[in-house]
$ cat entry.tsv   # TSV, C-alpha atoms
chain	number	residue	atom	x	y	z
A	150	MET	CA	0.00	0.00	0.00
A	151	LEU	CA	1.34	3.41	-0.99
A	152	TYR	CA	0.46	6.72	0.58
A	153	PRO	CA	0.60	10.10	-1.15
A	154	ARG	CA	3.45	12.37	-0.19
A	155	ILE	CA	2.68	16.09	0.08
A	156	ILE	CA	5.46	18.67	-0.22
A	157	LYS	CA	5.45	22.46	0.01
A	158	MET	CA	6.23	24.38	-3.18
A	159	ASN	CA	5.92	28.17	-3.28
A	160	GLY	CA	3.86	28.02	-0.10
A	161	LYS	CA	1.36	25.50	-1.50
A	162	ASP	CA	0.79	21.81	-0.81
A	163	VAL	CA	1.74	19.78	-3.88
A	164	LEU	CA	1.15	16.06	-4.39
A	165	VAL	CA	4.31	14.38	-5.67
A	166	ASP	CA	4.27	11.94	-8.56
A	167	ASP	CA	3.66	8.19	-8.14
A	168	THR	CA	7.36	7.30	-8.00
A	169	GLN	CA	7.80	9.40	-4.86
A	170	MET	CA	4.92	7.97	-2.88
A	171	CYS	CA	5.81	6.24	0.40
A	172	GLY	CA	5.01	2.84	1.90
A	173	TRP	CA	2.94	2.25	5.01
A	174	ARG	CA	5.91	2.02	7.40
A	175	GLU	CA	7.36	5.31	6.20
A	176	HIS	CA	3.91	6.89	6.35
A	177	MET	CA	3.37	5.74	9.96
A	178	THR	CA	6.87	6.90	10.96
A	179	GLN	CA	6.70	10.31	9.31
A	180	GLU	CA	3.07	11.19	9.92
A	181	HIS	CA	2.40	9.59	13.31
A	182	ARG	CA	5.83	8.82	14.85
A	183	VAL	CA	4.92	5.12	14.99
A	184	LEU	CA	7.70	2.53	14.75
A	185	PHE	CA	7.25	-1.22	14.42
A	186	LEU	CA	9.53	-3.73	16.11
A	187	SER	CA	8.52	-6.93	14.32
A	188	GLY	CA	10.41	-10.21	14.41
A	189	LEU	CA	13.69	-10.97	16.09
A	190	ILE	CA	15.54	-8.21	17.93
A	191	GLY	CA	18.78	-7.76	16.06
A	192	GLU	CA	17.13	-7.95	12.64
A	193	THR	CA	15.73	-4.42	12.84
A	194	ASP	CA	17.24	-0.95	13.15
A	195	SER	CA	14.28	0.61	14.96
A	196	HIS	CA	16.59	1.82	17.77
A	197	ASN	CA	18.37	4.02	15.18
A	198	LEU	CA	15.02	5.37	14.01
A	199	LEU	CA	14.21	6.30	17.62
A	200	MET	CA	17.28	8.52	17.69
A	201	ALA	CA	16.46	10.04	14.29
A	202	LEU	CA	12.89	10.90	15.33
A	203	ASP	CA	14.16	12.39	18.59
A	204	THR	CA	16.30	14.88	16.64
A	205	LEU	CA	13.20	16.13	14.78
A	206	SER	CA	10.91	16.57	17.78
A	207	ASN	CA	10.48	15.47	21.38
A	208	ALA	CA	6.84	14.53	20.85
A	209	PRO	CA	5.92	10.97	21.94
A	210	ILE	CA	7.12	8.07	19.79
A	211	LYS	CA	4.89	4.99	19.62
A	212	LEU	CA	6.69	1.64	19.49
A	213	VAL	CA	4.51	-1.31	18.42
A	214	ILE	CA	6.15	-4.59	19.48
A	215	THR	CA	5.50	-8.01	17.94
A	216	SER	CA	8.61	-10.00	18.80
A	217	PRO	CA	9.71	-13.37	20.20
A	218	GLY	CA	12.86	-11.70	21.57
A	219	GLY	CA	16.32	-12.13	20.12
A	220	ASP	CA	19.82	-10.77	20.59
A	221	LEU	CA	20.14	-9.54	24.20
A	222	ASP	CA	23.04	-7.21	23.42
A	223	ILE	CA	20.88	-5.41	20.83
A	224	ALA	CA	17.96	-5.42	23.28
A	225	PHE	CA	20.10	-3.62	25.88
A	226	LEU	CA	21.25	-1.16	23.18
A	227	PHE	CA	17.58	-0.57	22.31
A	228	TYR	CA	16.73	-0.18	26.02
A	229	ASP	CA	19.55	2.33	26.57
A	230	THR	CA	18.39	4.34	23.54
A	231	MET	CA	14.83	4.47	24.90
A	232	LYS	CA	16.12	5.78	28.23
A	233	LEU	CA	18.59	8.30	26.76
A	234	ILE	CA	16.45	10.19	24.24
A	235	LYS	CA	14.14	13.02	25.28
A	236	SER	CA	11.02	11.81	23.45
A	237	PRO	CA	8.67	9.73	25.61
A	238	ILE	CA	8.32	6.19	24.21
A	239	ILE	CA	4.80	4.75	24.31
A	240	THR	CA	5.06	0.96	23.97
A	241	ILE	CA	2.25	-1.17	22.55
A	242	GLY	CA	2.63	-4.93	22.96
A	243	ARG	CA	0.98	-7.28	20.48
A	244	PHE	CA	3.17	-10.31	21.31
A	245	CYS	CA	6.21	-9.90	23.53
A	246	ALA	CA	8.54	-12.67	24.63
A	247	SER	CA	11.99	-12.87	26.18
A	248	ALA	CA	14.10	-9.74	25.51
A	249	ALA	CA	11.12	-7.99	23.87
A	250	VAL	CA	9.42	-7.86	27.28
A	251	LEU	CA	12.17	-5.59	28.60
A	252	LEU	CA	11.43	-3.12	25.79
A	253	LEU	CA	7.69	-3.29	26.45
A	254	ALA	CA	8.29	-2.59	30.14
A	255	ALA	CA	10.65	0.33	29.39
A	256	GLY	CA	7.91	2.50	27.89
A	257	SER	CA	6.80	5.76	29.50
A	258	LYS	CA	3.25	4.49	28.99
A	259	ARG	CA	2.71	0.79	28.26
A	260	TYR	CA	-0.27	-0.74	26.46
A	261	LEU	CA	-1.25	-4.27	25.46
A	262	PHE	CA	-3.47	-5.59	22.68
A	263	PRO	CA	-6.49	-7.36	24.23
A	264	HIS	CA	-5.22	-10.82	23.22
A	265	ASN	CA	-1.53	-10.13	23.86
A	266	LYS	CA	0.73	-12.88	25.15
A	267	THR	CA	3.78	-12.03	27.23
A	268	MET	CA	6.48	-14.56	28.08
A	269	LEU	CA	9.50	-14.23	30.37
A	270	HIS	CA	12.36	-16.66	30.84
A	271	LYS	CA	16.02	-16.62	31.78
A	272	PRO	CA	18.44	-15.50	29.07
A	273	TRP	CA	19.75	-18.49	27.17
A	274	GLY	CA	22.23	-19.27	24.45
A	275	GLN	CA	24.66	-21.85	23.13
A	276	ALA	CA	28.18	-22.51	24.40
A	277	SER	CA	31.10	-23.53	22.23
A	278	GLY	CA	34.83	-24.05	22.65
A	279	ASP	CA	36.74	-25.87	25.34
A	280	SER	CA	35.92	-26.15	29.07
A	281	ARG	CA	37.51	-22.77	29.86
A	282	ASP	CA	35.42	-21.09	27.14
A	283	TRP	CA	32.31	-22.70	28.63
A	284	GLU	CA	33.24	-21.36	32.05
A	285	ILE	CA	33.69	-17.81	30.67
A	286	GLN	CA	30.39	-18.02	28.78
A	287	GLY	CA	28.67	-19.25	31.95
A	288	ILE	CA	29.93	-16.18	33.84
A	289	GLU	CA	28.69	-13.92	31.05
A	290	MET	CA	25.26	-15.59	31.07
A	291	LYS	CA	24.95	-14.85	34.80
A	292	LYS	CA	25.76	-11.19	34.08
A	293	TYR	CA	23.06	-11.07	31.39
A	294	GLU	CA	20.59	-12.66	33.79
A	295	ARG	CA	21.32	-10.05	36.48
A	296	LYS	CA	21.12	-7.10	34.04
A	297	PHE	CA	17.86	-8.42	32.58
A	298	ILE	CA	16.15	-8.86	35.94
A	299	GLU	CA	17.45	-5.52	37.26
A	300	GLY	CA	16.12	-3.85	34.11
A	301	LEU	CA	12.68	-5.38	34.62
A	302	ILE	CA	12.59	-4.21	38.25
A	303	GLU	CA	13.77	-0.73	37.21
A	304	CYS	CA	10.82	-0.63	34.79
A	305	GLY	CA	8.25	-1.43	37.47
A	306	VAL	CA	8.12	-5.20	37.93
A	307	LYS	CA	6.77	-5.95	41.37
A	308	GLY	CA	8.84	-8.21	43.58
A	309	THR	CA	12.39	-8.82	44.67
A	310	TYR	CA	15.27	-9.93	42.48
A	311	GLU	CA	15.01	-13.43	43.99
A	312	LYS	CA	11.27	-13.64	43.28
A	313	VAL	CA	11.69	-12.63	39.62
A	314	LEU	CA	14.62	-15.04	39.24
A	315	ASN	CA	12.45	-17.85	40.59
A	316	ASP	CA	9.47	-16.82	38.43
A	317	ILE	CA	11.47	-17.00	35.20
A	318	ASP	CA	13.25	-20.26	35.98
A	319	ARG	CA	10.95	-21.72	33.30
A	320	ASN	CA	8.81	-20.00	30.67
A	321	LEU	CA	6.38	-17.66	32.45
A	322	TRP	CA	3.37	-16.99	30.20
A	323	LEU	CA	1.13	-14.07	31.14
A	324	GLU	CA	-2.27	-12.96	29.88
A	325	PRO	CA	-2.82	-9.18	29.48
A	326	GLN	CA	-4.24	-8.58	32.95
A	327	GLU	CA	-1.52	-10.74	34.51
A	328	THR	CA	1.12	-8.77	32.59
A	329	ILE	CA	-0.29	-5.55	34.06
A	330	GLU	CA	-0.40	-6.99	37.57
A	331	TYR	CA	3.22	-8.15	37.22
A	332	GLY	CA	4.25	-4.55	36.49
A	333	LEU	CA	5.22	-4.96	32.83
A	334	ALA	CA	2.39	-2.87	31.33
A	335	ASP	CA	-0.19	-0.29	32.37
A	336	GLU	CA	-3.42	-0.96	30.50
A	337	ILE	CA	-5.17	-2.80	27.69
A	338	LEU	CA	-5.50	-0.86	24.46
A	339	THR	CA	-8.99	0.20	23.36
A	340	PRO	CA	-10.12	1.84	20.10
A	341	GLU	CA	-10.59	5.11	21.98
A	342	THR	CA	-7.12	4.98	23.53
A	343	TRP	CA	-5.52	4.12	20.16
A	344	GLY	CA	-7.30	7.13	18.63
A	345	GLU	CA	-5.83	9.40	21.31
A	346	ILE	CA	-2.33	7.90	21.04
A	347	ILE	CA	-2.13	8.22	17.26
A	348	LYS	CA	-2.96	11.93	17.48
A	349	GLU	CA	-0.05	12.64	19.85
A	350	GLY	CA	2.93	14.18	18.13
$ encode --input "entry.tsv" --output "structure tokens"
Amino acid sequence: MLYPRIIKMNGKDVLVDDTQMCGWREHMTQEHRVLFLSGLIGETDSHNLLMALDTLSNAPIKLVITSPGGDLDIAFLFYDTMKLIKSPIITIGRFCASAAVLLLAAGSKRYLFPHNKTMLHKPWGQASGDSRDWEIQGIEMKKYERKFIEGLIECGVKGTYEKVLNDIDRNLWLEPQETIEYGLADEILTPETWGEIIKEG
């Protein structure tokens, strides 16, 4: 789907020709400051787009998340970007698992689709090399685990470090209301709320 692009020429709005029309993602980004994080974290550059939008205006940015998680280093980079820029980041969770949950929780205002699923678990990965390499990688995994849990608590998760660590020992699946009660989101998205959000900025 292509959207018309309007430019100013001699003080008048002019519709550009068909070759300069924009796609739906560009339209949502430019017109409504909506970014989509879809798929694995690490396969998208949405964190760079956050910084670009922040240089244009400090109006709220809406981040729509549909992700099973992914690269934790990129997730922390994304998280740091969200916390460093001046624009408030409104997060909207459609499906959020693993590292994507940290990004959902990091929003200044956090919404969920009515049938959202949220899943938390301990960071995991694959080890390779000799026994010493495995030992080093094990130490690094513990550091990731601590940073991940501390980030969740910083974002409003209710409970102690030990409680969260115990909760995520195996996959912890949460329905929307449970996600809110756990401190990962604020409310369920309604048509009225979406209408208000999309007008911001």
$ axis_aligned_box --input "entry.tsv" --around "stretch 317-321 of chain A" --padding-each-side "4 Å" --output "JSON"
{"center_x": 9.8, "center_y": -19.4, "center_z": 33.3, "size_x": 14.9, "size_y": 12.7, "size_z": 13.3}
$ atom_distance --input "entry.tsv" --atom1 "atom CA of A:Met200" --atom2 "atom CA of A:Ser236"
9.1 Å
$ closest_atom_pairs --input "entry.tsv" --of "stretch 245-326 of chain A" --to "stretch 337-343 of chain A" --cutoff "10 Å" --atoms "all atoms listed in the file" --output "CSV"
residue,atom,partner,partner_atom,distance
A:Arg259,CA,A:Ile337,CA,8.7
A:Tyr260,CA,A:Ile337,CA,5.5
A:Leu261,CA,A:Ile337,CA,4.7
A:Phe262,CA,A:Leu338,CA,5.4
A:Pro263,CA,A:Ile337,CA,5.9
A:His264,CA,A:Ile337,CA,9.2
A:Asn265,CA,A:Ile337,CA,9.0
A:Pro325,CA,A:Ile337,CA,7.0
A:Gln326,CA,A:Ile337,CA,7.9
$ residues_near_point --input "entry.tsv" --point "(15.3, -9.1, 26.3)" --cutoff "9 Å" --atoms "all atoms listed in the file" --output "PyMOL selection string"
chain A and resi 190+218-225+246-252+269+272+297
$ write_last_selection --input "entry.tsv" --atoms "C-alpha atoms" --output "PDB file, in the frame of the given file"
ATOM      1  CA  ILE A 190      15.540  -8.210  17.930  1.00  0.00           C
ATOM      2  CA  GLY A 218      12.860 -11.700  21.570  1.00  0.00           C
ATOM      3  CA  GLY A 219      16.320 -12.130  20.120  1.00  0.00           C
ATOM      4  CA  ASP A 220      19.820 -10.770  20.590  1.00  0.00           C
ATOM      5  CA  LEU A 221      20.140  -9.540  24.200  1.00  0.00           C
ATOM      6  CA  ASP A 222      23.040  -7.210  23.420  1.00  0.00           C
ATOM      7  CA  ILE A 223      20.880  -5.410  20.830  1.00  0.00           C
ATOM      8  CA  ALA A 224      17.960  -5.420  23.280  1.00  0.00           C
ATOM      9  CA  PHE A 225      20.100  -3.620  25.880  1.00  0.00           C
ATOM     10  CA  ALA A 246       8.540 -12.670  24.630  1.00  0.00           C
ATOM     11  CA  SER A 247      11.990 -12.870  26.180  1.00  0.00           C
ATOM     12  CA  ALA A 248      14.100  -9.740  25.510  1.00  0.00           C
ATOM     13  CA  ALA A 249      11.120  -7.990  23.870  1.00  0.00           C
ATOM     14  CA  VAL A 250       9.420  -7.860  27.280  1.00  0.00           C
ATOM     15  CA  LEU A 251      12.170  -5.590  28.600  1.00  0.00           C
ATOM     16  CA  LEU A 252      11.430  -3.120  25.790  1.00  0.00           C
ATOM     17  CA  LEU A 269       9.500 -14.230  30.370  1.00  0.00           C
ATOM     18  CA  PRO A 272      18.440 -15.500  29.070  1.00  0.00           C
ATOM     19  CA  PHE A 297      17.860  -8.420  32.580  1.00  0.00           C
TER      20      PHE A 297
END
$ residues_around --input "entry.tsv" --residues "stretch 202-210 of chain A" --least-positions-apart "3" --cutoff "7 Å" --atoms "only C-alpha atoms" --output "mmCIF file with C-alpha atoms, keeping the file's coordinate frame"
data_model
loop_
_atom_site.group_PDB
_atom_site.id
_atom_site.type_symbol
_atom_site.label_atom_id
_atom_site.label_comp_id
_atom_site.auth_asym_id
_atom_site.auth_seq_id
_atom_site.Cartn_x
_atom_site.Cartn_y
_atom_site.Cartn_z
ATOM 1 C CA ARG A 182 5.830 8.820 14.850
ATOM 2 C CA VAL A 183 4.920 5.120 14.990
ATOM 3 C CA LEU A 198 15.020 5.370 14.010
ATOM 4 C CA LEU A 199 14.210 6.300 17.620
ATOM 5 C CA ILE A 234 16.450 10.190 24.240
ATOM 6 C CA LYS A 235 14.140 13.020 25.280
ATOM 7 C CA SER A 236 11.020 11.810 23.450
ATOM 8 C CA PRO A 237 8.670 9.730 25.610
ATOM 9 C CA ILE A 238 8.320 6.190 24.210
ATOM 10 C CA ILE A 239 4.800 4.750 24.310
ATOM 11 C CA GLU A 349 -0.050 12.640 19.850
ATOM 12 C CA GLY A 350 2.930 14.180 18.130
#
$ decode --input "entry.tsv" --residues "stretch 201-225 of chain A" --atoms "N, CA and C atoms" --output "PDB file, in the first residue's frame"
ATOM      1  N   ALA A 201      16.733   9.105  15.392  1.00  0.00           N
ATOM      2  CA  ALA A 201      16.464  10.035  14.293  1.00  0.00           C
ATOM      3  C   ALA A 201      15.201  10.849  14.577  1.00  0.00           C
ATOM      4  N   LEU A 202      14.130  10.184  15.021  1.00  0.00           N
ATOM      5  CA  LEU A 202      12.890  10.901  15.327  1.00  0.00           C
ATOM      6  C   LEU A 202      13.078  11.886  16.473  1.00  0.00           C
ATOM      7  N   ASP A 203      13.917  11.528  17.436  1.00  0.00           N
ATOM      8  CA  ASP A 203      14.162  12.391  18.591  1.00  0.00           C
ATOM      9  C   ASP A 203      14.859  13.688  18.183  1.00  0.00           C
ATOM     10  N   THR A 204      15.641  13.652  17.096  1.00  0.00           N
ATOM     11  CA  THR A 204      16.298  14.878  16.639  1.00  0.00           C
ATOM     12  C   THR A 204      15.325  15.825  15.950  1.00  0.00           C
ATOM     13  N   LEU A 205      14.189  15.301  15.483  1.00  0.00           N
ATOM     14  CA  LEU A 205      13.201  16.129  14.785  1.00  0.00           C
ATOM     15  C   LEU A 205      12.241  16.798  15.756  1.00  0.00           C
ATOM     16  N   SER A 206      11.892  16.081  16.820  1.00  0.00           N
ATOM     17  CA  SER A 206      10.911  16.572  17.777  1.00  0.00           C
ATOM     18  C   SER A 206      10.992  15.713  19.027  1.00  0.00           C
ATOM     19  N   ASN A 207      10.541  16.253  20.151  1.00  0.00           N
ATOM     20  CA  ASN A 207      10.483  15.470  21.383  1.00  0.00           C
ATOM     21  C   ASN A 207       9.061  15.039  21.715  1.00  0.00           C
ATOM     22  N   ALA A 208       8.198  15.050  20.688  1.00  0.00           N
ATOM     23  CA  ALA A 208       6.844  14.532  20.853  1.00  0.00           C
ATOM     24  C   ALA A 208       6.917  13.019  21.065  1.00  0.00           C
ATOM     25  N   PRO A 209       5.878  12.418  21.670  1.00  0.00           N
ATOM     26  CA  PRO A 209       5.922  10.974  21.939  1.00  0.00           C
ATOM     27  C   PRO A 209       6.141  10.136  20.677  1.00  0.00           C
ATOM     28  N   ILE A 210       6.913   9.075  20.834  1.00  0.00           N
ATOM     29  CA  ILE A 210       7.119   8.070  19.789  1.00  0.00           C
ATOM     30  C   ILE A 210       6.369   6.821  20.230  1.00  0.00           C
ATOM     31  N   LYS A 211       5.637   6.210  19.296  1.00  0.00           N
ATOM     32  CA  LYS A 211       4.890   4.991  19.622  1.00  0.00           C
ATOM     33  C   LYS A 211       5.645   3.803  19.055  1.00  0.00           C
ATOM     34  N   LEU A 212       5.958   2.827  19.900  1.00  0.00           N
ATOM     35  CA  LEU A 212       6.695   1.637  19.487  1.00  0.00           C
ATOM     36  C   LEU A 212       5.773   0.425  19.612  1.00  0.00           C
ATOM     37  N   VAL A 213       5.399  -0.146  18.464  1.00  0.00           N
ATOM     38  CA  VAL A 213       4.508  -1.311  18.422  1.00  0.00           C
ATOM     39  C   VAL A 213       5.381  -2.564  18.351  1.00  0.00           C
ATOM     40  N   ILE A 214       5.247  -3.449  19.339  1.00  0.00           N
ATOM     41  CA  ILE A 214       6.154  -4.595  19.480  1.00  0.00           C
ATOM     42  C   ILE A 214       5.435  -5.907  19.194  1.00  0.00           C
ATOM     43  N   THR A 215       5.949  -6.645  18.231  1.00  0.00           N
ATOM     44  CA  THR A 215       5.500  -8.013  17.936  1.00  0.00           C
ATOM     45  C   THR A 215       6.777  -8.827  17.767  1.00  0.00           C
ATOM     46  N   SER A 216       7.284  -9.397  18.857  1.00  0.00           N
ATOM     47  CA  SER A 216       8.613  -9.995  18.802  1.00  0.00           C
ATOM     48  C   SER A 216       8.766 -11.164  19.771  1.00  0.00           C
ATOM     49  N   PRO A 217       9.415 -12.240  19.311  1.00  0.00           N
ATOM     50  CA  PRO A 217       9.713 -13.366  20.196  1.00  0.00           C
ATOM     51  C   PRO A 217      10.992 -13.157  20.995  1.00  0.00           C
ATOM     52  N   GLY A 218      11.597 -11.974  20.886  1.00  0.00           N
ATOM     53  CA  GLY A 218      12.860 -11.699  21.565  1.00  0.00           C
ATOM     54  C   GLY A 218      14.005 -11.711  20.572  1.00  0.00           C
ATOM     55  N   GLY A 219      15.176 -12.101  21.024  1.00  0.00           N
ATOM     56  CA  GLY A 219      16.318 -12.126  20.116  1.00  0.00           C
ATOM     57  C   GLY A 219      17.612 -11.785  20.826  1.00  0.00           C
ATOM     58  N   ASP A 220      18.472 -11.089  20.118  1.00  0.00           N
ATOM     59  CA  ASP A 220      19.821 -10.766  20.590  1.00  0.00           C
ATOM     60  C   ASP A 220      19.746  -9.838  21.808  1.00  0.00           C
ATOM     61  N   LEU A 221      20.241 -10.311  22.953  1.00  0.00           N
ATOM     62  CA  LEU A 221      20.136  -9.539  24.195  1.00  0.00           C
ATOM     63  C   LEU A 221      21.037  -8.313  24.182  1.00  0.00           C
ATOM     64  N   ASP A 222      22.185  -8.396  23.516  1.00  0.00           N
ATOM     65  CA  ASP A 222      23.042  -7.210  23.417  1.00  0.00           C
ATOM     66  C   ASP A 222      22.322  -6.090  22.676  1.00  0.00           C
ATOM     67  N   ILE A 223      21.635  -6.417  21.585  1.00  0.00           N
ATOM     68  CA  ILE A 223      20.879  -5.415  20.830  1.00  0.00           C
ATOM     69  C   ILE A 223      19.696  -4.928  21.653  1.00  0.00           C
ATOM     70  N   ALA A 224      19.076  -5.825  22.423  1.00  0.00           N
ATOM     71  CA  ALA A 224      17.956  -5.421  23.280  1.00  0.00           C
ATOM     72  C   ALA A 224      18.407  -4.391  24.309  1.00  0.00           C
ATOM     73  N   PHE A 225      19.581  -4.605  24.913  1.00  0.00           N
ATOM     74  CA  PHE A 225      20.098  -3.618  25.880  1.00  0.00           C
ATOM     75  C   PHE A 225      20.454  -2.305  25.183  1.00  0.00           C
TER      76      PHE A 225
END
